[in-house]
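Written out below as structure tokens is the structure these notes cover.
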Amino acid sequence: MGLAMAQGKLTVWTHYGGPELEWLKKTAASFEKSSGTKVEVVEVPFGDIQNKFILGAPQGQAADLIVSIPHDWVGAMAAAGVLEPMGKYATASYVQGLNDVAVEALTYRNQLFALPMFAESVALIYNKKFVKSAPKTWDEFLKIAQENTKGNTFGFLYNIGDPYFNYGFFTAYGASVFAKSGGSLNAGDLRLGGEAGQKALNFIKDLRYRYKLVPEGVDYGVADGAFKDGSLAMIINGPWAIGDYKKARIDFGIAPFPAPPGGSAWKPFVGVQGVAMNAYSRNKTAAANFAKLLVSENSQIALNQAGGRIPVSKAAVAKLKNDPVVAGFSPVIASGTPMPNIPEMGKVWGPWGNAISQAIQKPDTNVAKIIEDMVAEIRKGIGSR
């Protein structure tokens, strides 16, 4: 009797709030009506979900589904054995209908561990009061940025000390975090250092001292505040900032950052969130059916309209082509690189951030030495040579 009841009900943990929570509850009610399976949506704080799920799932004390997990949780959760591989529930045509980057992000050791719902990345956001059309080349960008750095206005600011916001410059000069082998990331093969890493770090330093664009003391809050105040021409930021820019009545555009001098295309980090299933769930078929409904084209469009999330369904993106935010971020996301989803990435952020901060502290810092020390510290943390 207990098992029959368990199979007649799904529990969903979510960190959503506001209109996105309403969307999820509405979709759950619609699924209940069509399938006869009751769905209970439980709000769990974002910071608690991963640990609570890893500890609770083997004890039968976790939800059937999480809506949704960031892809950089996948490695740790899959390694803990609490995530159900989703490949068997997702048809080939469904996977082909998704942005490749989204599928790659939620794949760990060649298995898909969550069904992709939405993605985000940073891009160049510009105020049309200062910038008539997006700069296509570095020279165009620099001209616009320097012309608008005067009086009480700034041409270009961003969160210069943060590795996440800088990753596109590392890729442009040929660096990455980890190399891939056999389709999986190899934590023992770090690619942030060497000549490529030095070029990227020198360019970031040049933004302050050579081009005189990003002064000392600029962090996320300063750059974001200046854009909202209408005193900044261009910023690197993500979809999460758009609601505030609309409220501030800024007429903005979104574009990829141009290739930096001597570099190739700028490709930022991409973050993807997806629906994950409990490997210990007693009701996997119903859970899979609800998960598939949540990531369908129409659901991704409805979620976008609820909270502005950028869909990863190609059909949903095509239907939202007249939405300037979706149209602006989607090509940047498609060309980007998923943040590494392996647990070793946790050892990278600290030394990488310290290296950037050291390099931009003063004009004569030794970038080659800073990069060398950063690589040594990351390797020591990971336990690789």
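Residue numbering restarts at 1 for every chain of the structure tokens, chains are lettered A, B, ... in their displayed order, and ligands are numbered from 1 as they appear.
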Please list as a ChimeraX atom specification every residue within 12 Å of Asn110 (chain A), counting only C-alpha atoms and excluding residues in the same chain fewer than 6 positions away. /A:75,78,85-87,103-104,180-185
With a distance cut-off of 9 Å and only C-alpha atoms, select the neighbouring residues of Lys292 (chain A), excluding the residue or stretch itself and same-chain residues fewer than 6 positions from it, and output the selection as a PyMOL selection string. chain A and resi 89-90+115+275
Show me a table, sorted first by chain and then by increasing residue number, of the residues of region 162-203 of chain A having an atom at most 8 Å from region 371-375 of chain A, each with its shortest atom pair and the distance in Å to one decimal, counting only C-alpha atoms and written as a Markdown table.
```
| residue | atom | partner | partner_atom | distance |
| --- | --- | --- | --- | --- |
| A:Leu190 | CA | A:Val375 | CA | 7.7 |
| A:Leu192 | CA | A:Val375 | CA | 7.3 |
| A:Gly193 | CA | A:Ile371 | CA | 5.9 |
| A:Gly194 | CA | A:Ile371 | CA | 7.4 |
| A:Gly197 | CA | A:Ile371 | CA | 6.8 |
| A:Gln198 | CA | A:Ile371 | CA | 6.5 |
```
Show me, as an MDAnalysis selection string, the residues that have an atom within 7 Å of region 137-152 of chain A when counting only C-alpha atoms, minus same-chain residues fewer than 3 positions from it. chainID A and resid 155:156 231 233 258:261
Skip Ala359 (chain A) itself and residues of its chain fewer than 4 positions away, then list as a list of chain:residue names all residues within 8 Å of it, counting only C-alpha atoms.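 Counting only the stated atoms, we get A:Leu201, A:Asn202, A:Lys205, A:Ala355, A:Thr365, A:Asn366, A:Val367, A:Ile370.
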Show which residues sit within 10 Å of Pro163 (chain A), as a PyMOL selection string. Count only C-alpha atoms, and ignore same-chain residues fewer than 2 positions away. chain A and resi 159-161+165-170+269+348-357
For Ser313 (chain A), list every protein, DNA or RNA residue within 9 Å, evaluated using only C-alpha atoms, and leave out those in the same chain fewer than 6 positions away; present the list as a PyMOL selection string. chain A and resi 94+97-99+116-118+295-297+300
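Each of A:Ala196, A:Leu320, A:Val39, A:Val332 was checked against Ile254 (chain A) using only C-alpha atoms; the smallest atom-to-atom distance is that of A:Val332.
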Nearest to Gly308 (chain A), chosen from A:Asp48, A:Glu32, A:Glu20, A:Glu216, with only C-alpha atoms counted in the distances: A:Glu20
Counting only C-alpha atoms, the residue of A:Lys212, A:Arg309, A:Lys247, A:Lys132 that sits nearest Tyr16 (chain A): A:Arg309
What's the 12 Å shell around Ile250 (chain A), counting only C-alpha atoms, without same-chain residues fewer than 2 positions away, as a PyMOL selection string? chain A and resi 125-130+226-234+241-248+252-253
From the DSSP assignment of the backbone, select every residue of region 34-101 of chain A that is strand (DSSP E), and format the answer as a list in words. Lys38, Val39, Glu40, Val41, Val42, Glu43, Leu65, Ile66, Val67, Ser68, Ile69 and Pro70 of chain A
Written file, previous selection with C-alpha atoms, as a tab-separated table (two decimals), in the first residue's frame:
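Listing of result_22.tsv after writing:
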```tsv
chain	number	residue	atom	x	y	z
A	38	LYS	CA	0.08	14.05	-7.91
A	39	VAL	CA	3.05	16.45	-7.87
A	40	GLU	CA	4.18	18.15	-4.67
A	41	VAL	CA	6.45	21.17	-5.22
A	42	VAL	CA	8.69	21.91	-2.21
A	43	GLU	CA	10.77	25.08	-1.95
A	65	LEU	CA	13.25	15.57	-9.17
A	66	ILE	CA	15.20	18.80	-8.66
A	67	VAL	CA	14.10	21.76	-10.75
A	68	SER	CA	16.77	22.79	-11.50
A	69	ILE	CA	20.46	22.14	-10.83
A	70	PRO	CA	23.38	24.18	-12.21
```
Run DSSP on the backbone and give me the residues of region 48-181 of chain A it puts in helix (DSSP H, G or I), as number ranges by chain. A: 48-59, 71-79, 92-96, 100-105, 138-147, 163-172
Report, in Å to a single decimal, how far apart CA of Gln61 (chain A) and CA of Arg282 (chain A) are.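 Atom-to-atom, CA of Arg282 (chain A) to CA of Gln61 (chain A), that is 11.8 Å.
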